[in-house]
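**Q** If it helps, the file is called query_25.cif and holds mmCIF, C-alpha atoms (C1' of nucleotides):
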```
data_final
#
loop_
_atom_site.group_PDB
_atom_site.id
_atom_site.type_symbol
_atom_site.label_atom_id
_atom_site.label_comp_id
_atom_site.auth_asym_id
_atom_site.auth_seq_id
_atom_site.Cartn_x
_atom_site.Cartn_y
_atom_site.Cartn_z
ATOM 1 C CA MET A 186 -13.570 0.602 -20.411
ATOM 2 C CA PHE A 187 -16.700 2.566 -19.652
ATOM 3 C CA ASN A 188 -17.673 6.052 -20.672
ATOM 4 C CA ARG A 189 -16.500 8.635 -18.206
ATOM 5 C CA GLU A 190 -19.942 10.139 -17.854
ATOM 6 C CA LEU A 191 -21.544 6.763 -17.228
ATOM 7 C CA LYS A 192 -19.319 6.305 -14.216
ATOM 8 C CA LYS A 193 -20.300 9.586 -12.633
ATOM 9 C CA GLY A 194 -22.709 9.164 -9.801
ATOM 10 C CA SER A 195 -21.899 5.555 -8.971
ATOM 11 C CA ILE A 196 -18.501 5.974 -7.343
ATOM 12 C CA GLN A 197 -19.916 6.998 -3.964
ATOM 13 C CA LEU A 198 -22.281 4.037 -3.959
ATOM 14 C CA LEU A 199 -19.397 1.685 -4.741
ATOM 15 C CA ILE A 200 -17.211 3.097 -1.974
ATOM 16 C CA LEU A 201 -19.985 2.959 0.604
ATOM 17 C CA ALA A 202 -20.836 -0.629 -0.338
ATOM 18 C CA LEU A 203 -17.211 -1.767 -0.057
ATOM 19 C CA LEU A 204 -16.891 -0.149 3.362
ATOM 20 C CA GLU A 205 -20.108 -1.691 4.652
ATOM 21 C CA ASN A 206 -18.445 -4.500 6.573
ATOM 22 C CA ARG A 207 -14.882 -3.335 7.220
ATOM 23 C CA GLU A 208 -12.610 -0.359 7.039
ATOM 24 C CA ARG A 209 -10.320 -0.085 4.025
ATOM 25 C CA HIS A 210 -7.776 2.329 2.596
ATOM 26 C CA GLY A 211 -7.984 4.189 -0.712
ATOM 27 C CA TYR A 212 -5.658 2.077 -2.769
ATOM 28 C CA GLU A 213 -7.452 -1.073 -1.610
ATOM 29 C CA LEU A 214 -10.817 0.375 -2.691
ATOM 30 C CA GLY A 215 -9.514 1.074 -6.182
ATOM 31 C CA LYS A 216 -8.099 -2.407 -6.564
ATOM 32 C CA LEU A 217 -11.262 -4.034 -5.180
ATOM 33 C CA ILE A 218 -13.519 -2.221 -7.655
ATOM 34 C CA GLU A 219 -11.303 -3.340 -10.493
ATOM 35 C CA ALA A 220 -11.092 -6.935 -9.277
ATOM 36 C CA ARG A 221 -14.769 -7.426 -8.457
ATOM 37 C CA SER A 222 -15.879 -6.046 -11.808
ATOM 38 C CA GLY A 223 -13.538 -8.430 -13.581
ATOM 39 C CA GLY A 224 -11.307 -5.563 -14.624
ATOM 40 C CA ARG A 225 -14.116 -3.838 -16.484
ATOM 41 C CA LEU A 226 -14.700 -0.985 -14.075
ATOM 42 C CA VAL A 227 -11.580 0.977 -13.218
ATOM 43 C CA PHE A 228 -11.406 4.204 -11.251
ATOM 44 C CA ARG A 229 -8.066 5.956 -11.230
ATOM 45 C CA LEU A 230 -6.630 6.385 -7.777
ATOM 46 C CA HIS A 231 -6.385 10.146 -8.232
ATOM 47 C CA SER A 232 -10.123 10.134 -8.784
ATOM 48 C CA LEU A 233 -10.744 8.216 -5.608
ATOM 49 C CA TYR A 234 -8.733 10.324 -3.197
ATOM 50 C CA PRO A 235 -10.608 13.600 -3.750
ATOM 51 C CA THR A 236 -13.889 11.680 -3.597
ATOM 52 C CA LEU A 237 -12.964 10.088 -0.278
ATOM 53 C CA CYS A 238 -12.007 13.519 1.013
ATOM 54 C CA ARG A 239 -15.351 14.958 -0.075
ATOM 55 C CA MET A 240 -17.266 12.091 1.474
ATOM 56 C CA GLU A 241 -15.492 12.633 4.776
ATOM 57 C CA GLU A 242 -16.395 16.327 4.656
ATOM 58 C CA MET A 243 -20.001 15.303 4.018
ATOM 59 C CA GLY A 244 -19.889 13.168 7.132
ATOM 60 C CA LEU A 245 -20.326 9.851 5.334
ATOM 61 C CA LEU A 246 -16.875 8.521 6.186
ATOM 62 C CA LYS A 247 -14.366 8.813 8.999
ATOM 63 C CA SER A 248 -10.666 8.282 8.353
ATOM 64 C CA ARG A 249 -7.645 7.491 10.465
ATOM 65 C CA TRP A 250 -3.977 7.176 9.625
ATOM 66 C CA VAL A 251 -2.389 3.835 10.335
ATOM 67 C CA GLU A 252 1.383 3.617 10.474
ATOM 68 C CA LYS A 253 2.922 0.235 11.026
ATOM 69 C CA PRO A 254 6.621 -0.445 10.903
ATOM 70 C CA GLY A 255 7.419 -2.319 7.713
ATOM 71 C CA THR A 256 4.519 -0.766 5.765
ATOM 72 C CA ARG A 257 3.831 2.639 4.287
ATOM 73 C CA ARG A 258 1.346 4.790 6.118
ATOM 74 C CA ARG A 259 -2.240 4.254 5.017
ATOM 75 C CA ARG A 260 -5.399 6.185 5.563
ATOM 76 C CA PHE A 261 -8.222 3.830 6.496
ATOM 77 C CA TYR A 262 -11.854 4.814 5.998
ATOM 78 C CA ARG A 263 -14.945 3.488 7.724
ATOM 79 C CA LEU A 264 -18.647 4.300 7.480
ATOM 80 C CA THR A 265 -20.319 6.709 9.865
ATOM 81 C CA ALA A 266 -23.975 6.320 10.821
ATOM 82 C CA GLY A 267 -24.795 8.869 8.126
ATOM 83 C CA GLY A 268 -22.744 6.891 5.638
ATOM 84 C CA ARG A 269 -24.742 3.782 6.424
ATOM 85 C CA ARG A 270 -27.998 5.638 5.818
ATOM 86 C CA ALA A 271 -26.584 7.092 2.589
ATOM 87 C CA LEU A 272 -25.659 3.600 1.434
ATOM 88 C CA GLU A 273 -29.234 2.368 1.801
ATOM 89 C CA ARG A 274 -30.605 5.449 0.064
ATOM 90 C CA LYS A 275 -28.140 5.214 -2.804
ATOM 91 C CA ARG A 276 -28.714 1.488 -3.234
ATOM 92 C CA GLN A 277 -32.442 2.121 -3.650
ATOM 93 C CA ARG A 278 -31.874 5.038 -6.023
ATOM 94 C CA TRP A 279 -29.528 2.996 -8.145
ATOM 95 C CA THR A 280 -32.019 0.113 -8.397
ATOM 96 C CA GLN A 281 -34.857 2.425 -9.380
ATOM 97 C CA TYR A 282 -32.688 4.256 -11.862
ATOM 98 C CA MET A 283 -31.630 1.003 -13.469
ATOM 99 C CA GLN A 284 -35.243 -0.085 -13.825
ATOM 100 C CA ALA A 285 -36.264 3.248 -15.316
ATOM 101 C CA VAL A 286 -33.502 3.187 -17.922
ATOM 102 C CA ASN A 287 -34.110 -0.459 -18.774
ATOM 103 C CA GLN A 288 -37.800 0.173 -19.245
ATOM 104 C CA ILE A 289 -37.050 2.821 -21.843
ATOM 105 C CA VAL A 290 -34.155 1.070 -23.502
ATOM 106 C CA GLY A 291 -36.074 -2.160 -23.709
ATOM 107 C CA LEU A 292 -33.902 -4.436 -21.621
ATOM 108 C CA ASP A 293 -35.973 -6.730 -19.465
ATOM 109 C CA ASP A 294 -33.212 -8.139 -17.328
ATOM 110 C CA ALA A 295 -29.486 -7.666 -17.252
ATOM 111 C CA MET B 297 -35.862 12.424 -8.662
ATOM 112 C CA PHE B 298 -32.446 11.023 -9.446
ATOM 113 C CA ASN B 299 -29.054 12.463 -8.728
ATOM 114 C CA ARG B 300 -27.836 14.689 -11.511
ATOM 115 C CA GLU B 301 -24.554 12.825 -11.824
ATOM 116 C CA LEU B 302 -26.303 9.468 -12.013
ATOM 117 C CA LYS B 303 -28.164 10.643 -15.088
ATOM 118 C CA LYS B 304 -25.054 11.688 -16.938
ATOM 119 C CA GLY B 305 -24.069 9.229 -19.582
ATOM 120 C CA SER B 306 -27.462 7.614 -20.086
ATOM 121 C CA ILE B 307 -29.277 10.372 -21.925
ATOM 122 C CA GLN B 308 -27.761 9.520 -25.307
ATOM 123 C CA LEU B 309 -28.675 5.866 -24.885
ATOM 124 C CA LEU B 310 -32.250 6.813 -24.032
ATOM 125 C CA ILE B 311 -32.588 9.106 -27.039
ATOM 126 C CA LEU B 312 -31.132 6.559 -29.434
ATOM 127 C CA ALA B 313 -33.432 3.825 -28.088
ATOM 128 C CA LEU B 314 -36.534 5.989 -28.442
ATOM 129 C CA LEU B 315 -35.616 6.861 -32.023
ATOM 130 C CA GLU B 316 -34.937 3.253 -32.971
ATOM 131 C CA ASN B 317 -38.269 2.678 -34.676
ATOM 132 C CA ARG B 318 -39.550 6.129 -35.647
ATOM 133 C CA GLU B 319 -38.537 9.744 -35.880
ATOM 134 C CA ARG B 320 -39.576 12.035 -33.044
ATOM 135 C CA HIS B 321 -39.136 15.654 -31.997
ATOM 136 C CA GLY B 322 -37.387 16.953 -28.868
ATOM 137 C CA TYR B 323 -40.400 17.740 -26.758
ATOM 138 C CA GLU B 324 -41.845 14.312 -27.496
ATOM 139 C CA LEU B 325 -38.603 12.619 -26.386
ATOM 140 C CA GLY B 326 -38.683 14.438 -23.069
ATOM 141 C CA LYS B 327 -42.284 13.507 -22.410
ATOM 142 C CA LEU B 328 -41.721 9.892 -23.446
ATOM 143 C CA ILE B 329 -38.802 9.431 -21.053
ATOM 144 C CA GLU B 330 -40.881 10.828 -18.231
ATOM 145 C CA ALA B 331 -43.925 8.712 -19.084
ATOM 146 C CA ARG B 332 -42.121 5.410 -19.654
ATOM 147 C CA SER B 333 -40.187 5.708 -16.401
ATOM 148 C CA GLY B 334 -43.421 6.302 -14.519
ATOM 149 C CA GLY B 335 -42.459 9.914 -13.882
ATOM 150 C CA ARG B 336 -39.288 8.907 -12.073
ATOM 151 C CA LEU B 337 -36.786 9.898 -14.736
ATOM 152 C CA VAL B 338 -37.153 13.467 -15.956
ATOM 153 C CA PHE B 339 -34.789 15.320 -18.239
ATOM 154 C CA ARG B 340 -35.446 19.012 -18.632
ATOM 155 C CA LEU B 341 -36.129 20.041 -22.191
ATOM 156 C CA HIS B 342 -33.297 22.554 -22.151
ATOM 157 C CA SER B 343 -30.994 19.639 -21.365
ATOM 158 C CA LEU B 344 -32.282 17.676 -24.315
ATOM 159 C CA TYR B 345 -31.927 20.293 -27.021
ATOM 160 C CA PRO B 346 -28.177 20.825 -26.686
ATOM 161 C CA THR B 347 -27.711 17.057 -26.468
ATOM 162 C CA LEU B 348 -29.680 16.486 -29.659
ATOM 163 C CA CYS B 349 -27.594 19.170 -31.329
ATOM 164 C CA ARG B 350 -24.384 17.505 -30.202
ATOM 165 C CA MET B 351 -25.567 14.108 -31.370
ATOM 166 C CA GLU B 352 -26.358 15.487 -34.771
ATOM 167 C CA GLU B 353 -22.888 17.011 -34.982
ATOM 168 C CA MET B 354 -21.472 13.608 -34.066
ATOM 169 C CA GLY B 355 -23.388 12.093 -36.940
ATOM 170 C CA LEU B 356 -25.679 9.925 -34.809
ATOM 171 C CA LEU B 357 -28.864 11.783 -35.700
ATOM 172 C CA LYS B 358 -30.297 13.647 -38.647
ATOM 173 C CA SER B 359 -32.915 16.336 -38.166
ATOM 174 C CA ARG B 360 -35.474 18.043 -40.346
ATOM 175 C CA TRP B 361 -37.915 20.852 -39.681
ATOM 176 C CA VAL B 362 -41.563 20.033 -40.137
ATOM 177 C CA GLU B 363 -44.036 22.868 -40.456
ATOM 178 C CA LYS B 364 -47.681 21.997 -40.744
ATOM 179 C CA PRO B 365 -50.461 24.557 -40.759
ATOM 180 C CA GLY B 366 -52.236 24.433 -37.422
ATOM 181 C CA THR B 367 -49.155 23.267 -35.490
ATOM 182 C CA ARG B 368 -45.946 24.898 -34.339
ATOM 183 C CA ARG B 369 -42.848 24.023 -36.238
ATOM 184 C CA ARG B 370 -41.082 20.976 -34.909
ATOM 185 C CA ARG B 371 -37.639 19.546 -35.449
ATOM 186 C CA PHE B 372 -37.843 15.798 -36.000
ATOM 187 C CA TYR B 373 -34.854 13.568 -35.399
ATOM 188 C CA ARG B 374 -34.096 10.148 -36.824
ATOM 189 C CA LEU B 375 -31.196 7.719 -36.470
ATOM 190 C CA THR B 376 -28.384 7.590 -38.975
ATOM 191 C CA ALA B 377 -26.519 4.355 -39.709
ATOM 192 C CA GLY B 378 -23.878 5.515 -37.247
ATOM 193 C CA GLY B 379 -26.579 6.213 -34.687
ATOM 194 C CA ARG B 380 -27.864 2.684 -35.048
ATOM 195 C CA ARG B 381 -24.387 1.275 -34.447
ATOM 196 C CA ALA B 382 -23.945 3.614 -31.465
ATOM 197 C CA LEU B 383 -27.220 2.363 -30.015
ATOM 198 C CA GLU B 384 -26.053 -1.247 -30.064
ATOM 199 C CA ARG B 385 -22.697 -0.299 -28.581
ATOM 200 C CA LYS B 386 -24.248 1.805 -25.825
ATOM 201 C CA ARG B 387 -26.829 -0.849 -25.020
ATOM 202 C CA GLN B 388 -24.052 -3.373 -24.467
ATOM 203 C CA ARG B 389 -21.968 -0.934 -22.442
ATOM 204 C CA TRP B 390 -24.903 -0.076 -20.244
ATOM 205 C CA THR B 391 -25.668 -3.737 -19.575
ATOM 206 C CA GLN B 392 -22.066 -4.513 -18.689
ATOM 207 C CA TYR B 393 -21.805 -1.424 -16.531
ATOM 208 C CA MET B 394 -24.949 -2.384 -14.641
ATOM 209 C CA GLN B 395 -23.603 -5.869 -14.013
ATOM 210 C CA ALA B 396 -20.253 -4.535 -12.814
ATOM 211 C CA VAL B 397 -21.855 -2.104 -10.361
ATOM 212 C CA ASN B 398 -24.335 -4.688 -9.102
ATOM 213 C CA GLN B 399 -21.564 -7.182 -8.518
ATOM 214 C CA ILE B 400 -19.769 -4.732 -6.256
ATOM 215 C CA VAL B 401 -22.833 -3.319 -4.561
ATOM 216 C CA GLY B 402 -24.212 -6.771 -3.936
ATOM 217 C CA LEU B 403 -27.435 -6.622 -5.877
ATOM 218 C CA ASP B 404 -28.133 -9.869 -7.671
ATOM 219 C CA ASP B 405 -31.006 -8.707 -9.817
ATOM 220 C CA ALA B 406 -32.883 -5.466 -10.139
ATOM 221 C "C1'" DC C 63 -58.781 37.321 -22.523
ATOM 222 C "C1'" DC C 64 -55.637 34.781 -20.009
ATOM 223 C "C1'" DA C 65 -53.433 30.500 -18.472
ATOM 224 C "C1'" DA C 66 -51.469 26.208 -19.507
ATOM 225 C "C1'" DA C 67 -49.466 23.121 -22.620
ATOM 226 C "C1'" DT C 68 -46.719 22.798 -26.619
ATOM 227 C "C1'" DA C 69 -42.175 23.684 -28.797
ATOM 228 C "C1'" DT C 70 -37.397 25.427 -29.190
ATOM 229 C "C1'" DG C 71 -33.499 27.760 -27.772
ATOM 230 C "C1'" DT C 72 -29.160 30.502 -25.097
ATOM 231 C "C1'" DC C 73 -25.988 31.361 -21.254
ATOM 232 C "C1'" DG C 74 -23.682 30.523 -17.043
ATOM 233 C "C1'" DT C 75 -22.912 27.213 -13.141
ATOM 234 C "C1'" DA C 76 -21.855 23.059 -10.488
ATOM 235 C "C1'" DA C 77 -20.317 18.457 -10.166
ATOM 236 C "C1'" DT C 78 -16.886 15.243 -11.077
ATOM 237 C "C1'" DA C 79 -13.739 11.722 -13.465
ATOM 238 C "C1'" DC C 80 -9.514 12.004 -15.596
ATOM 239 C "C1'" DG C 81 -4.725 13.251 -17.395
ATOM 240 C "C1'" DA C 82 -0.435 15.100 -16.146
ATOM 241 C "C1'" DC C 83 2.417 15.586 -12.619
ATOM 242 C "C1'" DC C 84 4.711 14.852 -7.951
ATOM 243 C "C1'" DT C 85 6.477 12.259 -3.640
ATOM 244 C "C1'" DA C 86 7.845 8.135 -1.073
ATOM 245 C "C1'" DT C 87 8.559 3.111 0.465
ATOM 246 C "C1'" DC C 88 9.051 -1.883 -0.232
ATOM 247 C "C1'" DG C 89 10.176 -6.319 -2.541
ATOM 248 C "C1'" DG C 90 12.245 -8.718 -6.184
ATOM 249 C "C1'" DA C 91 14.893 -9.247 -10.577
ATOM 250 C "C1'" DG C 92 19.072 -8.570 -12.740
ATOM 251 C "C1'" DC D 193 23.669 -2.798 -5.348
ATOM 252 C "C1'" DT D 194 20.632 -0.778 -8.504
ATOM 253 C "C1'" DC D 195 16.608 -0.282 -10.935
ATOM 254 C "C1'" DC D 196 11.729 -1.278 -11.667
ATOM 255 C "C1'" DG D 197 7.091 -2.271 -10.587
ATOM 256 C "C1'" DA D 198 3.665 -2.316 -7.118
ATOM 257 C "C1'" DT D 199 2.048 0.020 -3.239
ATOM 258 C "C1'" DA D 200 0.290 4.441 -1.178
ATOM 259 C "C1'" DG D 201 -0.924 9.139 -1.142
ATOM 260 C "C1'" DG D 202 -1.653 13.639 -3.163
ATOM 261 C "C1'" DT D 203 -2.390 18.465 -6.324
ATOM 262 C "C1'" DC D 204 -3.962 21.143 -10.312
ATOM 263 C "C1'" DG D 205 -6.250 22.048 -14.494
ATOM 264 C "C1'" DT D 206 -9.526 20.335 -18.109
ATOM 265 C "C1'" DA D 207 -13.574 18.405 -20.389
ATOM 266 C "C1'" DT D 208 -18.142 16.914 -20.188
ATOM 267 C "C1'" DT D 209 -22.729 17.620 -19.206
ATOM 268 C "C1'" DA D 210 -27.345 18.237 -16.747
ATOM 269 C "C1'" DC D 211 -29.598 21.981 -14.855
ATOM 270 C "C1'" DG D 212 -31.475 26.742 -13.479
ATOM 271 C "C1'" DA D 213 -32.654 31.126 -15.182
ATOM 272 C "C1'" DC D 214 -34.182 33.376 -18.883
ATOM 273 C "C1'" DA D 215 -36.282 34.254 -23.572
ATOM 274 C "C1'" DT D 216 -39.699 33.424 -27.396
ATOM 275 C "C1'" DA D 217 -43.821 31.927 -29.945
ATOM 276 C "C1'" DT D 218 -48.168 29.261 -30.995
ATOM 277 C "C1'" DT D 219 -52.303 26.633 -29.860
ATOM 278 C "C1'" DT D 220 -56.047 25.116 -26.961
ATOM 279 C "C1'" DG D 221 -59.303 25.452 -23.274
ATOM 280 C "C1'" DG D 222 -61.772 27.752 -19.530
#
```
If you took the structure in this file and wrote it as structure tokens, what would it be?
**A**
Amino acid sequence: MFNRELKKGSIQLLILALLENRERHGYELGKLIEARSGGRLVFRLHSLYPTLCRMEEMGLLKSRWVEKPGTRRRRFYRLTAGGRRALERKRQRWTQYMQAVNQIVGLDDA
Amino acid sequence: MFNRELKKGSIQLLILALLENRERHGYELGKLIEARSGGRLVFRLHSLYPTLCRMEEMGLLKSRWVEKPGTRRRRFYRLTAGGRRALERKRQRWTQYMQAVNQIVGLDDA
DNA sequence: CCAAATATGTCGTAATACGACCTATCGGAG
DNA sequence: CTCCGATAGGTCGTATTACGACATATTTGG
């Protein structure tokens, strides 16, 4: 629904926020973003996986494989200490960015 | 100040909004964005010029050279009818996008 | 006279979301 | 039983786009 370029830069914030309280796997993250935005914000799964990989390399996430009989294997991600700090930083940046754009575009409140 | 990726996708909205009521030239647009965001949002001029060019090709803007004695030549841009429609569309998209992200990230209001 | 601000532009790079494509398992409908 | 959709993970190449480096020219102020 949204412009591809508009979505750039927010995906990491979204992932970090969804992992704040519990560990989740990639597919779940994609579905959650779609559900919580009322279907308006959709990230393709094949966009999420490379991003998760990158974020693990950056030290923001830690993953582990979980294999249970009766279910397919899943890779669960959880926040590291660095990821938690990044979440706070990105939340602030996002808020300030929103305010800056709104000030110029002439939207007082969303 | 902001992440490069975060800024992608909003520059066209900003330009269209600033041109809503009067024509302006490129340098002025850059300075205005910086000033109105309190210096927080800065787009380099050499990012603006190609964007303005693209937007003119897309039919959103119309430009004209203005040469006055005593000043350098400037290229002024103004909105076309299509640009005006694009502004409304992008304003709505931006608002909805903001709401979707905030819903997931857990920010109630900016 | 020289520096800074004004004013516009080109070229190559990096980041990243997506489309196309691939693999595999599970539950339910036919 | 078979096929399909949902679940679950992944690779590779492409398009978009903001930026850094670089180039150019004029005007104003110290």
**Q** Would you write out, as a list in words, every residue that the PyMOL selection byres ((chain B and resi 300-305) around 9) captures in this file?
**A** Asn188, Arg189, Glu190, Leu191, Lys192, Lys193, Gly194, Ser195, Trp279 and Tyr282 of chain A; Met297, Phe298, Asn299, Ser306, Ile307, Gln308, Leu309, Leu337 and Phe339 of chain B; DA77 and DT78 of chain C; DT209, DA210 and DC211 of chain D
**Q** Using all atoms listed in the file, which residue out of C:DA67, C:DA82, C:DC88, C:DC73 lies closest to chain A?
**A**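 Nearest to chain A: C:DC88.
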**Q** Using Å and a single decimal, report how far CA of Ala266 (chain A) sits from CA of Glu205 (chain A).
**A**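 If I compute the distance from CA of Glu205 (chain A) to CA of Ala266 (chain A), I get 10.8 Å.
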**Q** Starting from the shown file, work through the PyMOL selection byres ((chain B and resi 320) around 6) and note down what comes out as an mmCIF file with C-alpha atoms, in the coordinates of the input.
**A**
```cif
data_model
loop_
_atom_site.group_PDB
_atom_site.id
_atom_site.type_symbol
_atom_site.label_atom_id
_atom_site.label_comp_id
_atom_site.auth_asym_id
_atom_site.auth_seq_id
_atom_site.Cartn_x
_atom_site.Cartn_y
_atom_site.Cartn_z
ATOM 1 C CA GLU B 319 -38.537 9.744 -35.880
ATOM 2 C CA HIS B 321 -39.136 15.654 -31.997
ATOM 3 C CA PHE B 372 -37.843 15.798 -36.000
ATOM 4 C CA TYR B 373 -34.854 13.568 -35.399
#
```
**Q** Evaluated on this file, the PyMOL selection byres ((chain D) within 12 of (chain B)) picks out some residues - which ones are they, written as a list in words?
**A**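 Matching residues under the PyMOL selection byres ((chain D) within 12 of (chain B)) are DT208, DT209, DA210, DC211, DG212, DA213, DC214, DA217, DT218, DT219 and DT220 of chain D.
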**Q** Hey, could you make a per-residue contact list for chain A against chain B with 12 Å as the cut-off, showing the nearest pair of atoms and its distance in Å to one decimal, counting only C-alpha atoms, sorted by chain and number, as a Markdown table?
**A**
```
| residue | atom | partner | partner_atom | distance |
| --- | --- | --- | --- | --- |
| A:Met186 | CA | B:Arg389 | CA | 8.8 |
| A:Phe187 | CA | B:Arg389 | CA | 6.9 |
| A:Asn188 | CA | B:Gly305 | CA | 7.2 |
| A:Arg189 | CA | B:Gly305 | CA | 7.7 |
| A:Glu190 | CA | B:Gly305 | CA | 4.6 |
| A:Leu191 | CA | B:Gly305 | CA | 4.2 |
| A:Lys192 | CA | B:Gly305 | CA | 7.7 |
| A:Lys193 | CA | B:Glu301 | CA | 5.4 |
| A:Gly194 | CA | B:Leu302 | CA | 4.2 |
| A:Ser195 | CA | B:Leu302 | CA | 6.6 |
| A:Ile196 | CA | B:Val397 | CA | 9.3 |
| A:Gln197 | CA | B:Leu302 | CA | 10.6 |
| A:Leu198 | CA | B:Val401 | CA | 7.4 |
| A:Leu199 | CA | B:Val401 | CA | 6.1 |
| A:Ile200 | CA | B:Val401 | CA | 8.9 |
| A:Leu201 | CA | B:Val401 | CA | 8.6 |
| A:Ala202 | CA | B:Val401 | CA | 5.4 |
| A:Leu203 | CA | B:Ile400 | CA | 7.3 |
| A:Leu204 | CA | B:Val401 | CA | 10.4 |
| A:Glu205 | CA | B:Val401 | CA | 9.7 |
| A:Leu214 | CA | B:Ile400 | CA | 10.9 |
| A:Gly215 | CA | B:Ile400 | CA | 11.8 |
| A:Lys216 | CA | B:Ile400 | CA | 11.9 |
| A:Leu217 | CA | B:Ile400 | CA | 8.6 |
| A:Ile218 | CA | B:Ile400 | CA | 6.9 |
| A:Glu219 | CA | B:Ala396 | CA | 9.3 |
| A:Ala220 | CA | B:Ile400 | CA | 9.4 |
| A:Arg221 | CA | B:Ile400 | CA | 6.1 |
| A:Ser222 | CA | B:Ala396 | CA | 4.7 |
| A:Gly223 | CA | B:Ala396 | CA | 7.8 |
| A:Gly224 | CA | B:Ala396 | CA | 9.2 |
| A:Arg225 | CA | B:Ala396 | CA | 7.2 |
| A:Leu226 | CA | B:Ala396 | CA | 6.7 |
| A:Val227 | CA | B:Ala396 | CA | 10.3 |
| A:Leu272 | CA | B:Val401 | CA | 9.6 |
| A:Glu273 | CA | B:Val401 | CA | 10.7 |
| A:Arg274 | CA | B:Phe298 | CA | 11.2 |
| A:Lys275 | CA | B:Asn299 | CA | 9.4 |
| A:Arg276 | CA | B:Val401 | CA | 7.7 |
| A:Gln277 | CA | B:Ala406 | CA | 10.0 |
| A:Arg278 | CA | B:Phe298 | CA | 6.9 |
| A:Trp279 | CA | B:Leu302 | CA | 8.2 |
| A:Thr280 | CA | B:Ala406 | CA | 5.9 |
| A:Gln281 | CA | B:Ala406 | CA | 8.2 |
| A:Tyr282 | CA | B:Phe298 | CA | 7.2 |
| A:Met283 | CA | B:Ala406 | CA | 7.4 |
| A:Gln284 | CA | B:Ala406 | CA | 6.9 |
| A:Ala285 | CA | B:Ser333 | CA | 4.8 |
| A:Val286 | CA | B:Leu310 | CA | 7.2 |
| A:Asn287 | CA | B:Ser333 | CA | 9.0 |
| A:Gln288 | CA | B:Ser333 | CA | 6.7 |
| A:Ile289 | CA | B:Arg332 | CA | 6.1 |
| A:Val290 | CA | B:Ala313 | CA | 5.4 |
| A:Gly291 | CA | B:Ala313 | CA | 7.9 |
| A:Leu292 | CA | B:Thr391 | CA | 8.5 |
| A:Asp293 | CA | B:Ala406 | CA | 9.9 |
| A:Asp294 | CA | B:Ala406 | CA | 7.7 |
| A:Ala295 | CA | B:Thr391 | CA | 6.0 |
```
**Q** For chain C against chain B, which residues fall within 8 Å using all atoms listed in the file, given as a list of chain:residue names?
**A**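 Those within range of chain B come out as C:DA69, C:DT70, C:DG71, C:DA77.
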**Q** How far is it from C1' of DC83 (chain C) to C1' of DT206 (chain D), in Å with one decimal?
**A**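 Taking C1' of DC83 (chain C) and C1' of DT206 (chain D), their separation equals 14.0 Å.
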**Q** Kindly give the distance, in Å, that separates CA of Met240 (chain A) and C1' of DA79 (chain C), rounded to a single decimal.
**A** 15.4 Å
**Q** The centre and edge lengths of an axis-aligned box containing all atoms of region 73-81 of chain C present in the file, extended by 4 Å on each side, are to be given in Å to one decimal, as lines of an AutoDock Vina configuration file.
**A**
```
center_x = -15.4
center_y = 21.5
center_z = -15.7
size_x = 29.3
size_y = 27.6
size_z = 19.1
```
**Q** Please fill the gaps in region 193-203 of chain A so it has N, CA and C atoms, and write that as a CSV table (one decimal), in the coordinates of the input.
**A**
```
chain,number,residue,atom,x,y,z
A,193,LYS,N,-20.0,8.5,-13.6
A,193,LYS,CA,-20.3,9.6,-12.6
A,193,LYS,C,-21.6,9.2,-11.8
A,194,GLY,N,-21.5,9.4,-10.6
A,194,GLY,CA,-22.7,9.2,-9.8
A,194,GLY,C,-22.7,7.8,-9.1
A,195,SER,N,-21.9,6.9,-9.6
A,195,SER,CA,-21.9,5.6,-9.0
A,195,SER,C,-20.7,5.4,-8.0
A,196,ILE,N,-19.7,6.2,-8.1
A,196,ILE,CA,-18.5,6.0,-7.3
A,196,ILE,C,-18.8,6.0,-5.8
A,197,GLN,N,-19.6,6.9,-5.4
A,197,GLN,CA,-19.9,7.0,-4.0
A,197,GLN,C,-20.6,5.7,-3.5
A,198,LEU,N,-21.6,5.3,-4.3
A,198,LEU,CA,-22.3,4.0,-4.0
A,198,LEU,C,-21.3,2.9,-3.8
A,199,LEU,N,-20.4,2.8,-4.8
A,199,LEU,CA,-19.4,1.7,-4.7
A,199,LEU,C,-18.5,1.7,-3.5
A,200,ILE,N,-18.1,2.9,-3.2
A,200,ILE,CA,-17.2,3.1,-2.0
A,200,ILE,C,-18.0,2.7,-0.7
A,201,LEU,N,-19.2,3.2,-0.6
A,201,LEU,CA,-20.0,3.0,0.6
A,201,LEU,C,-20.2,1.5,0.7
A,202,ALA,N,-20.5,0.8,-0.4
A,202,ALA,CA,-20.8,-0.6,-0.3
A,202,ALA,C,-19.6,-1.4,0.1
A,203,LEU,N,-18.4,-1.0,-0.4
A,203,LEU,CA,-17.2,-1.8,-0.1
A,203,LEU,C,-16.8,-1.5,1.4
```
